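Each remark here refers to the structure printed beneath this line.
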Amino acid sequence: MKLALNLFDFSQKINYKNEILAGLTVAMTMIPESLSFAILAGFPPLTGLYAAFIAGLVTAVFGGRPGMISGGAGATVIVLIALMKSHGLEYVFAAVALAGVIQILIGLFKFSKFIRLVPQPVMYGFLNGLAIIIFLSQLDQFKVLKDGALVWLRGDALMMMIGLVALTIAIVALFPRITKKIPATLVAIIVVFALVVLFGIETKTVQDIASVEGGFPPFHIPDIPVSLEALKVILPYSLIFAAVGLTEGLLTLNLVDEITGTKGNGNRECIAQGTSNIANGFFFGMGGCPMIAQTLVNLSAGSRARLSGIIAAITILLIILFGAPIIGKLPMAALVGVMMMVALGTFEWASFRIIKKMPRHDIFVGILVAVITVLLHNLALAVLIGVIISALVFAWESAKRIRARTHVDEAGVKHYEIYGPLFFGSVQAFTEKFTVAQDPEEIIINFKESRVADMSAIDALNNLTKRYSGAGKKVHLQYLSADCIRLLENASAVIDVNIVQDPEYKVAIEK
């Protein structure tokens, strides 16, 4: 009973109206996007809808937090395009299933905590780049296929499309001033749909992209050889797929945490996402991950529980089974308008307000991440590069903070009081602080305000003590932590370690 309460959040008060309406709205926005991504990758269109149903349902029930929406996302689909072209759909299904296994292992070993290493400027750049991608991707809906190529709409068709999109945006922006009890996005879709049907307006619809009619996802074992060669083919794609999916998923989880003021479970999200991708691989789905745009649609519609995600997934399945003729007539203009508003909501406008207060390197990192996200559509790579640059900047800045204060006591012993972290970036500046030839026969190096951080620091200490030993002088190291002492045991012949209990030195660990 407790498990059921935990999974479906029945232990907390649920606004069923908001959850149901939010789920319906999310389903409407997921259908054209899932179809578009599947077609882009060269997959059968239904693989995108099956992915939206399977990933949406599994992660809604078992995922790391309420409110998140998963489906066939573009970030993960892009990874599989080359595999589809080179080896075909069966290898894609196998790669998706293997990626799911990898994601489950990451969750079981609790590696999701490494998402904490993503700095705020990287988050700003990631979200701003994603917002631009969402907005620009909607522009393709203003094009039609002609003679095998996409060309822009013209004349009355273009004006009608622009007018319907503008109407959708206006409703989404203004309807909350009337009431917030009904999601403005759902109202906009219904109003535009009704206008198109009642007045017989000719405009681009969902069925112009692909058919959404089909059956229940069939069980299907990927038809690939069970061999080391086949594993070598799919493993690189599976690793990248898993990394991209978890990066986008955990960043989405952090974003929802900030919006709702609650805390999700990253490891649980990894396991749920992996389970959904294994199911995708065996039930004809193209795989996926949490979708930031649809998650924001869900939250803006008032959802705060898991029920909306379940409703969205079931709605997509029902549409596949029974509702294709109706949904096929849904105007793309309404969905484009909703997604454009999502793009505007995703963009971190606050980053412009605080840009003058940010360090220049943080501004550079944010812009770079946004540019990589937009140009390469590779969210994981953009975040990774941002984290690496931020880490290098931090190392450079920290290296400049190493300093030493010296004095000679009454016994003629010289004291070096070290301030700042001793690590690979600061060892040279640290070594230059010491005057071996001029120093007395006994030296004390005090690390109370410093920490020995890595093997480069240990090597620097060993070399320093050797220099003093060669000059016939002895070194005492004080206030070293236990791990540093263990690393220095090989130098015990020339190092006299004097440990002084430091009550302020605590090591934080995660249970």
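Lettering and numbering for the structure tokens are positional, with chains as A, B, ... in the shown order, residues counted from 1 in each chain, and ligands counted from 1 in the shown order.
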Env of Pro121 in chain A: 10 Å cut, atoms = only C-alpha atoms, seq-sep filter 6 positions within chain, self excluded. Answer as a PyMOL selection string. chain A and resi 127+351+358+361-369+386-387+390
Residue set, range 168-407 of chain A restricted to alpha helix (DSSP H), as number ranges by chain: A: 168-174, 184-198, 228-260, 266-282, 292-300, 307-318, 324-327, 332-346, 350-353, 360-376, 379-399
For the residues in the current selection, export C-alpha atoms as a short mmCIF file (atom, residue, chain, number, x, y, z; two decimals), in the first residue's frame.
```cif
data_model
loop_
_atom_site.label_atom_id
_atom_site.label_comp_id
_atom_site.auth_asym_id
_atom_site.auth_seq_id
_atom_site.Cartn_x
_atom_site.Cartn_y
_atom_site.Cartn_z
CA THR A 168 -2.70 30.97 -30.27
CA ILE A 169 0.07 33.05 -28.69
CA ALA A 170 -2.42 35.77 -27.74
CA ILE A 171 -4.74 33.28 -26.04
CA VAL A 172 -1.88 31.62 -24.14
CA ALA A 173 -0.62 35.01 -22.98
CA LEU A 174 -3.95 36.67 -22.13
CA ALA A 184 -4.41 28.49 -21.38
CA THR A 185 -2.49 26.23 -23.76
CA LEU A 186 -5.39 23.75 -23.96
CA VAL A 187 -7.89 26.59 -24.48
CA ALA A 188 -5.76 27.98 -27.31
CA ILE A 189 -5.57 24.60 -29.06
CA ILE A 190 -9.33 24.03 -28.77
CA VAL A 191 -10.24 27.55 -29.96
CA VAL A 192 -7.97 27.45 -33.01
CA PHE A 193 -9.11 23.90 -33.83
CA ALA A 194 -12.76 24.97 -33.62
CA LEU A 195 -12.19 28.01 -35.87
CA VAL A 196 -10.44 25.92 -38.52
CA VAL A 197 -13.20 23.28 -38.53
CA LEU A 198 -16.18 25.67 -38.37
CA LEU A 228 30.84 -9.31 -30.17
CA GLU A 229 30.86 -7.56 -33.55
CA ALA A 230 27.24 -6.45 -33.15
CA LEU A 231 27.99 -5.24 -29.62
CA LYS A 232 30.91 -3.19 -30.93
CA VAL A 233 28.54 -1.54 -33.40
CA ILE A 234 25.79 -0.55 -30.95
CA LEU A 235 27.82 0.11 -27.76
CA PRO A 236 29.20 3.55 -28.76
CA TYR A 237 25.71 4.73 -29.73
CA SER A 238 24.23 3.29 -26.55
CA LEU A 239 26.79 5.07 -24.37
CA ILE A 240 26.19 8.42 -26.06
CA PHE A 241 22.41 7.90 -26.03
CA ALA A 242 22.50 7.09 -22.30
CA ALA A 243 24.71 10.10 -21.53
CA VAL A 244 22.62 12.53 -23.57
CA GLY A 245 19.36 11.23 -22.13
CA LEU A 246 20.54 11.39 -18.53
CA THR A 247 22.10 14.82 -18.98
CA GLU A 248 18.88 16.28 -20.34
CA GLY A 249 16.83 14.32 -17.82
CA LEU A 250 18.78 15.39 -14.74
CA LEU A 251 18.97 18.99 -15.90
CA THR A 252 15.20 18.90 -16.38
CA LEU A 253 14.82 17.44 -12.90
CA ASN A 254 16.91 20.26 -11.43
CA LEU A 255 14.86 22.83 -13.34
CA VAL A 256 11.58 21.39 -12.01
CA ASP A 257 13.08 21.36 -8.51
CA GLU A 258 13.74 25.09 -8.81
CA ILE A 259 10.30 25.89 -10.23
CA THR A 260 8.33 23.85 -7.69
CA GLY A 266 18.10 11.73 -9.59
CA ASN A 267 19.06 8.07 -9.13
CA ARG A 268 15.43 6.97 -9.28
CA GLU A 269 15.01 9.01 -12.47
CA CYS A 270 18.01 7.23 -14.04
CA ILE A 271 16.51 3.82 -13.24
CA ALA A 272 13.06 4.81 -14.54
CA GLN A 273 14.52 6.27 -17.72
CA GLY A 274 16.60 3.15 -18.29
CA THR A 275 13.56 0.91 -17.75
CA SER A 276 11.55 2.94 -20.27
CA ASN A 277 14.29 2.65 -22.88
CA ILE A 278 14.58 -1.11 -22.42
CA ALA A 279 10.81 -1.29 -22.96
CA ASN A 280 11.18 0.97 -26.03
CA GLY A 281 13.79 -1.35 -27.51
CA PHE A 282 11.46 -4.35 -27.19
CA ILE A 292 12.02 20.12 -21.11
CA ALA A 293 9.51 21.85 -23.40
CA GLN A 294 6.66 19.44 -22.59
CA THR A 295 7.61 19.49 -18.91
CA LEU A 296 7.27 23.27 -18.89
CA VAL A 297 3.91 22.97 -20.67
CA ASN A 298 2.84 20.54 -17.97
CA LEU A 299 3.96 22.79 -15.11
CA SER A 300 2.45 25.91 -16.66
CA LEU A 307 -1.19 11.91 -12.75
CA SER A 308 -0.78 14.36 -15.65
CA GLY A 309 2.07 12.32 -17.14
CA ILE A 310 0.00 9.15 -16.90
CA ILE A 311 -2.99 10.91 -18.53
CA ALA A 312 -0.74 12.22 -21.34
CA ALA A 313 0.68 8.76 -22.07
CA ILE A 314 -2.72 7.05 -22.06
CA THR A 315 -4.16 9.82 -24.25
CA ILE A 316 -1.43 9.25 -26.83
CA LEU A 317 -2.18 5.52 -26.85
CA LEU A 318 -5.92 6.12 -27.25
CA ALA A 324 -6.27 9.38 -35.34
CA PRO A 325 -8.96 10.81 -37.70
CA ILE A 326 -9.73 13.67 -35.27
CA ILE A 327 -6.19 14.45 -34.15
CA MET A 332 -0.22 22.76 -36.69
CA ALA A 333 -0.52 26.53 -36.16
CA ALA A 334 -2.04 25.94 -32.71
CA LEU A 335 0.79 23.61 -31.69
CA VAL A 336 3.42 25.95 -33.13
CA GLY A 337 2.01 28.86 -31.13
CA VAL A 338 2.07 26.82 -27.91
CA MET A 339 5.67 25.72 -28.47
CA MET A 340 6.79 29.25 -29.28
CA MET A 341 5.37 30.38 -25.94
CA VAL A 342 7.20 27.50 -24.30
CA ALA A 343 10.42 28.72 -25.93
CA LEU A 344 9.86 32.21 -24.53
CA GLY A 345 9.21 30.71 -21.10
CA THR A 346 12.29 28.48 -21.28
CA ALA A 350 17.12 36.89 -15.88
CA SER A 351 20.55 36.17 -17.36
CA PHE A 352 20.33 39.53 -19.19
CA ARG A 353 19.51 41.38 -15.99
CA ARG A 360 33.52 37.69 -17.66
CA HIS A 361 34.44 34.01 -17.78
CA ASP A 362 30.92 33.05 -16.64
CA ILE A 363 29.43 35.20 -19.41
CA PHE A 364 31.74 33.51 -21.93
CA VAL A 365 30.77 30.01 -20.69
CA GLY A 366 27.04 30.79 -20.84
CA ILE A 367 27.24 32.15 -24.39
CA LEU A 368 29.46 29.28 -25.56
CA VAL A 369 27.12 26.61 -24.18
CA ALA A 370 24.15 28.30 -25.85
CA VAL A 371 25.96 28.52 -29.20
CA ILE A 372 27.06 24.85 -29.12
CA THR A 373 23.54 23.78 -28.15
CA VAL A 374 22.05 25.71 -31.09
CA LEU A 375 24.64 24.82 -33.73
CA LEU A 376 25.21 21.15 -32.90
CA LEU A 379 23.01 19.10 -25.30
CA ALA A 380 25.38 16.68 -23.59
CA LEU A 381 28.43 17.98 -25.49
CA ALA A 382 27.47 21.60 -24.79
CA VAL A 383 27.09 20.93 -21.06
CA LEU A 384 30.31 18.89 -20.93
CA ILE A 385 32.34 21.65 -22.62
CA GLY A 386 30.79 24.23 -20.29
CA VAL A 387 31.66 22.18 -17.22
CA ILE A 388 35.24 21.62 -18.41
CA ILE A 389 35.83 25.32 -19.12
CA SER A 390 34.26 26.30 -15.79
CA ALA A 391 36.47 23.77 -14.00
CA LEU A 392 39.60 25.08 -15.71
CA VAL A 393 38.69 28.68 -14.83
CA PHE A 394 38.05 27.65 -11.23
CA ALA A 395 41.42 25.85 -11.12
CA TRP A 396 43.18 28.95 -12.50
CA GLU A 397 41.49 31.28 -10.03
CA SER A 398 42.13 28.92 -7.11
CA ALA A 399 45.79 28.58 -8.10
#
```
When you draw a straight line from CA of Val144 in chain A to CA of Ala157 in chain A, how long is it in Å?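 The value is 10.4 Å.
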Kindly indicate which residue among A:Gly200, A:Gly48, A:Gly163, A:Gly88 lies nearest to Met30 in chain A, using only C-alpha atoms for the distances.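 Among the listed residues, the smallest separation from Met30 in chain A belongs to A:Gly48.
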Residue neighbourhood Phe37 in chain A, 12 Å, only C-alpha atoms, exclusion window fewer than 2 positions, as a ChimeraX atom specification: /A:30-35,39-49,51-52,71-81,137,209-210,286-288
Suppose you want the space between CA of Cys289 in chain A and CA of Leu57 in chain A; what is it in Å? 11.8 Å
Could you please write out, as a PyMOL selection string, every residue of range 89-270 of chain A that DSSP assigns to strand (DSSP E or B)? chain A and resi 143-146+149-152+205
Residues of the last selection are to be written out with N, CA and C atoms, as a PDB file, in the first residue's frame.
```pdb
ATOM      1  N   LYS A 143       6.780  25.687 -43.630  1.00  0.00           N
ATOM      2  CA  LYS A 143       7.246  25.188 -44.920  1.00  0.00           C
ATOM      3  C   LYS A 143       6.404  23.990 -45.343  1.00  0.00           C
ATOM      4  N   VAL A 144       6.397  23.719 -46.639  1.00  0.00           N
ATOM      5  CA  VAL A 144       5.698  22.551 -47.176  1.00  0.00           C
ATOM      6  C   VAL A 144       6.643  21.797 -48.104  1.00  0.00           C
ATOM      7  N   LEU A 145       6.379  20.521 -48.256  1.00  0.00           N
ATOM      8  CA  LEU A 145       7.199  19.691 -49.129  1.00  0.00           C
ATOM      9  C   LEU A 145       6.749  19.868 -50.580  1.00  0.00           C
ATOM     10  N   LYS A 146       7.683  20.292 -51.425  1.00  0.00           N
ATOM     11  CA  LYS A 146       7.375  20.519 -52.842  1.00  0.00           C
ATOM     12  C   LYS A 146       8.549  20.038 -53.684  1.00  0.00           C
ATOM     13  N   ALA A 149      11.573  18.880 -51.766  1.00  0.00           N
ATOM     14  CA  ALA A 149      12.291  19.833 -50.914  1.00  0.00           C
ATOM     15  C   ALA A 149      11.298  20.684 -50.132  1.00  0.00           C
ATOM     16  N   LEU A 150      11.736  21.142 -48.950  1.00  0.00           N
ATOM     17  CA  LEU A 150      10.890  22.016 -48.139  1.00  0.00           C
ATOM     18  C   LEU A 150      11.003  23.452 -48.624  1.00  0.00           C
ATOM     19  N   VAL A 151       9.863  24.080 -48.894  1.00  0.00           N
ATOM     20  CA  VAL A 151       9.852  25.478 -49.334  1.00  0.00           C
ATOM     21  C   VAL A 151       8.883  26.253 -48.455  1.00  0.00           C
ATOM     22  N   TRP A 152       9.127  27.549 -48.307  1.00  0.00           N
ATOM     23  CA  TRP A 152       8.299  28.387 -47.446  1.00  0.00           C
ATOM     24  C   TRP A 152       6.882  28.538 -48.020  1.00  0.00           C
ATOM     25  N   THR A 205      -2.064  20.652 -41.130  1.00  0.00           N
ATOM     26  CA  THR A 205      -2.562  19.894 -39.982  1.00  0.00           C
ATOM     27  C   THR A 205      -1.586  18.773 -39.629  1.00  0.00           C
TER      28      THR A 205
END
```
